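The structure file query.pdb is reproduced below (PDB, C-alpha atoms).
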ATOM      1  CA  MET A   1     -22.753  63.288 -72.458  1.00  0.00           C
ATOM      2  CA  LYS A   2     -20.218  61.295 -74.391  1.00  0.00           C
ATOM      3  CA  THR A   3     -16.529  61.971 -73.739  1.00  0.00           C
ATOM      4  CA  THR A   4     -13.886  60.972 -76.232  1.00  0.00           C
ATOM      5  CA  ARG A   5     -10.362  60.013 -75.301  1.00  0.00           C
ATOM      6  CA  ARG A   6      -9.086  63.185 -77.010  1.00  0.00           C
ATOM      7  CA  LYS A   7     -11.413  65.444 -74.965  1.00  0.00           C
ATOM      8  CA  PHE A   8     -10.494  63.639 -71.737  1.00  0.00           C
ATOM      9  CA  ILE A   9      -6.741  64.065 -72.371  1.00  0.00           C
ATOM     10  CA  ALA A  10      -7.144  67.727 -73.359  1.00  0.00           C
ATOM     11  CA  GLY A  11      -9.235  68.422 -70.257  1.00  0.00           C
ATOM     12  CA  SER A  12      -6.758  66.631 -68.014  1.00  0.00           C
ATOM     13  CA  MET A  13      -3.867  68.630 -69.454  1.00  0.00           C
ATOM     14  CA  LEU A  14      -5.710  71.914 -68.929  1.00  0.00           C
ATOM     15  CA  ALA A  15      -6.594  70.987 -65.347  1.00  0.00           C
ATOM     16  CA  THR A  16      -2.980  70.035 -64.605  1.00  0.00           C
ATOM     17  CA  ALA A  17      -1.670  73.260 -66.124  1.00  0.00           C
ATOM     18  CA  GLY A  18      -4.145  75.300 -64.126  1.00  0.00           C
ATOM     19  CA  LEU A  19      -3.272  73.563 -60.868  1.00  0.00           C
ATOM     20  CA  SER A  20       0.442  73.955 -61.532  1.00  0.00           C
ATOM     21  CA  THR A  21       0.036  77.662 -62.310  1.00  0.00           C
ATOM     22  CA  GLY A  22      -1.972  78.218 -59.157  1.00  0.00           C
ATOM     23  CA  LEU A  23       0.633  76.507 -56.987  1.00  0.00           C
ATOM     24  CA  ASN A  24       3.413  78.547 -58.607  1.00  0.00           C
ATOM     25  CA  VAL A  25       1.537  81.778 -57.902  1.00  0.00           C
ATOM     26  CA  LEU A  26       1.066  80.769 -54.253  1.00  0.00           C
ATOM     27  CA  ALA A  27       4.737  79.829 -53.923  1.00  0.00           C
ATOM     28  CA  ARG A  28       5.883  83.152 -55.357  1.00  0.00           C
ATOM     29  CA  ALA A  29       3.609  84.991 -52.932  1.00  0.00           C
ATOM     30  CA  GLY A  30       5.067  83.015 -50.009  1.00  0.00           C
ATOM     31  CA  LYS A  31       1.667  81.542 -49.091  1.00  0.00           C
ATOM     32  CA  SER A  32      -0.018  78.216 -49.308  1.00  0.00           C
ATOM     33  CA  ASN A  33      -3.570  77.078 -48.899  1.00  0.00           C
ATOM     34  CA  HIS A  34      -2.626  74.757 -46.018  1.00  0.00           C
ATOM     35  CA  GLY A  35      -1.279  77.426 -43.675  1.00  0.00           C
ATOM     36  CA  GLU A  36       2.367  76.403 -43.794  1.00  0.00           C
ATOM     37  CA  PHE A  37       5.059  78.821 -44.919  1.00  0.00           C
ATOM     38  CA  VAL A  38       6.308  78.508 -48.470  1.00  0.00           C
ATOM     39  CA  PRO A  39       9.517  80.467 -49.125  1.00  0.00           C
ATOM     40  CA  LYS A  40       9.287  83.088 -51.835  1.00  0.00           C
ATOM     41  CA  MET A  41      11.037  81.998 -55.007  1.00  0.00           C
ATOM     42  CA  ASN A  42      13.952  84.046 -56.247  1.00  0.00           C
ATOM     43  CA  ASP A  43      13.410  85.313 -59.769  1.00  0.00           C
ATOM     44  CA  GLU A  44      17.138  85.157 -60.502  1.00  0.00           C
ATOM     45  CA  PHE A  45      19.243  82.082 -61.028  1.00  0.00           C
ATOM     46  CA  SER A  46      22.957  81.601 -61.474  1.00  0.00           C
ATOM     47  CA  ILE A  47      24.686  80.046 -64.439  1.00  0.00           C
ATOM     48  CA  SER A  48      28.080  78.397 -64.075  1.00  0.00           C
ATOM     49  CA  ILE A  49      30.534  77.213 -66.682  1.00  0.00           C
ATOM     50  CA  PHE A  50      32.084  73.763 -66.378  1.00  0.00           C
ATOM     51  CA  SER A  51      35.805  74.441 -65.929  1.00  0.00           C
ATOM     52  CA  LYS A  52      36.735  71.535 -68.211  1.00  0.00           C
ATOM     53  CA  HIS A  53      35.867  73.843 -71.104  1.00  0.00           C
ATOM     54  CA  LEU A  54      38.619  76.207 -69.915  1.00  0.00           C
ATOM     55  CA  GLN A  55      41.095  73.467 -68.982  1.00  0.00           C
ATOM     56  CA  TRP A  56      44.079  75.041 -70.759  1.00  0.00           C
ATOM     57  CA  LEU A  57      43.912  78.223 -68.632  1.00  0.00           C
ATOM     58  CA  ASP A  58      45.340  78.833 -65.169  1.00  0.00           C
ATOM     59  CA  TYR A  59      43.001  79.807 -62.309  1.00  0.00           C
ATOM     60  CA  SER A  60      43.152  83.573 -62.870  1.00  0.00           C
ATOM     61  CA  GLU A  61      42.673  83.380 -66.624  1.00  0.00           C
ATOM     62  CA  MET A  62      39.907  80.786 -66.261  1.00  0.00           C
ATOM     63  CA  ALA A  63      38.028  83.092 -63.883  1.00  0.00           C
ATOM     64  CA  LYS A  64      38.619  86.163 -66.063  1.00  0.00           C
ATOM     65  CA  VAL A  65      37.387  84.427 -69.219  1.00  0.00           C
ATOM     66  CA  ALA A  66      34.309  83.058 -67.414  1.00  0.00           C
ATOM     67  CA  ALA A  67      33.497  86.538 -66.074  1.00  0.00           C
ATOM     68  CA  ASP A  68      34.039  88.134 -69.495  1.00  0.00           C
ATOM     69  CA  MET A  69      31.626  85.600 -71.018  1.00  0.00           C
ATOM     70  CA  GLY A  70      28.975  86.617 -68.477  1.00  0.00           C
ATOM     71  CA  PHE A  71      28.864  83.555 -66.234  1.00  0.00           C
ATOM     72  CA  ASP A  72      27.972  83.889 -62.548  1.00  0.00           C
ATOM     73  CA  GLY A  73      30.190  81.084 -61.374  1.00  0.00           C
ATOM     74  CA  ILE A  74      32.351  78.105 -62.159  1.00  0.00           C
ATOM     75  CA  ASP A  75      31.762  74.367 -61.719  1.00  0.00           C
ATOM     76  CA  LEU A  76      35.342  73.524 -60.841  1.00  0.00           C
ATOM     77  CA  THR A  77      36.871  70.151 -61.724  1.00  0.00           C
ATOM     78  CA  VAL A  78      38.672  68.640 -58.721  1.00  0.00           C
ATOM     79  CA  ARG A  79      39.800  65.283 -60.058  1.00  0.00           C
ATOM     80  CA  PRO A  80      42.634  63.654 -62.006  1.00  0.00           C
ATOM     81  CA  ASN A  81      43.298  65.730 -65.127  1.00  0.00           C
ATOM     82  CA  GLY A  82      41.074  68.490 -63.678  1.00  0.00           C
ATOM     83  CA  HIS A  83      41.848  72.061 -62.790  1.00  0.00           C
ATOM     84  CA  VAL A  84      42.629  71.043 -59.214  1.00  0.00           C
ATOM     85  CA  LEU A  85      44.394  67.724 -58.838  1.00  0.00           C
ATOM     86  CA  PRO A  86      43.284  65.645 -55.822  1.00  0.00           C
ATOM     87  CA  GLU A  87      46.856  65.296 -54.544  1.00  0.00           C
ATOM     88  CA  ASN A  88      47.234  69.116 -54.547  1.00  0.00           C
ATOM     89  CA  VAL A  89      43.772  70.045 -53.257  1.00  0.00           C
ATOM     90  CA  GLU A  90      44.947  71.560 -49.948  1.00  0.00           C
ATOM     91  CA  LYS A  91      47.230  74.004 -51.760  1.00  0.00           C
ATOM     92  CA  ASP A  92      45.445  74.584 -55.079  1.00  0.00           C
ATOM     93  CA  LEU A  93      41.748  74.710 -54.140  1.00  0.00           C
ATOM     94  CA  PRO A  94      42.185  77.896 -52.046  1.00  0.00           C
ATOM     95  CA  ARG A  95      44.198  79.437 -54.901  1.00  0.00           C
ATOM     96  CA  ALA A  96      41.438  78.608 -57.391  1.00  0.00           C
ATOM     97  CA  MET A  97      38.771  79.967 -55.063  1.00  0.00           C
ATOM     98  CA  ASP A  98      40.709  83.211 -54.575  1.00  0.00           C
ATOM     99  CA  ALA A  99      41.089  83.700 -58.328  1.00  0.00           C
ATOM    100  CA  VAL A 100      37.381  83.073 -58.917  1.00  0.00           C
ATOM    101  CA  THR A 101      36.366  85.440 -56.098  1.00  0.00           C
ATOM    102  CA  LYS A 102      38.691  88.189 -57.386  1.00  0.00           C
ATOM    103  CA  ALA A 103      36.978  87.910 -60.794  1.00  0.00           C
ATOM    104  CA  GLY A 104      33.618  88.520 -59.079  1.00  0.00           C
ATOM    105  CA  LEU A 105      32.377  84.955 -59.522  1.00  0.00           C
ATOM    106  CA  LYS A 106      31.508  82.094 -57.183  1.00  0.00           C
ATOM    107  CA  ILE A 107      32.217  78.374 -57.142  1.00  0.00           C
ATOM    108  CA  PHE A 108      28.728  76.968 -56.794  1.00  0.00           C
ATOM    109  CA  MET A 109      29.859  73.352 -57.106  1.00  0.00           C
ATOM    110  CA  ILE A 110      32.817  71.120 -57.808  1.00  0.00           C
ATOM    111  CA  THR A 111      32.945  68.019 -59.974  1.00  0.00           C
ATOM    112  CA  THR A 112      35.052  65.165 -58.675  1.00  0.00           C
TER     113      THR A 112
END

Can you turn what I pasted into structure tokens?
Amino acid sequence: MKTTRRKFIAGSMLATAGLSTGLNVLARAGKSNHGEFVPKMNDEFSISIFSKHLQWLDYSEMAKVAADMGFDGIDLTVRPNGHVLPENVEKDLPRAMDAVTKAGLKIFMITT
């Protein structure tokens, strides 16, 4: 049987896709074929907006606009020229977090 490069690549891609699909199914079921526990994957994921895009707004307005646009959270800038300035972090970071929480969002990460 003669195998061409094209057939070999196509077969390899199909085998890889099949293996990947099988592992994903096992992971979603919380099982593995080696006996160890694999946590069940969450079907939902969160989407945050980078606060630099809302830089002109104060904390409450930033959070309200992000919530109105349908985001789950905010990636807050904590840096020079950011929403929270490093020299004011002890005072302003809690204020920003309160505003985001009141809008029903979360701060999943900060960018420094």

Exercise. Just say which residues the PyMOL selection byres ((chain A and resi 99) around 9) picks in this file, as a count of residues only.
Key: 17

Quiz item: By how many Å are CA of Lys52 in chain A and CA of Asp72 in chain A apart?
Solution: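 That distance, rounded to one decimal, is 16.2 Å.
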
Quiz prompt | Test item: residues at most 8 Å from range 76-79 of chain A, only C-alpha atoms, excluding those fewer than 5 positions along its chain, as a VMD selection string | solution = chain A and resid 50 to 52 84 to 86 89 107 109 to 112

Practice problem: Tell me, in Å to one decimal, how far CA of Ile47 in chain A is from CA of His83 in chain A. | Solution: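 Taking CA of Ile47 in chain A and CA of His83 in chain A, their separation equals 19.0 Å.
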
Quiz item: When you draw a straight line from CA of Ala67 in chain A to CA of Ser46 in chain A, how long is it in Å?
Solution: 12.5 Å
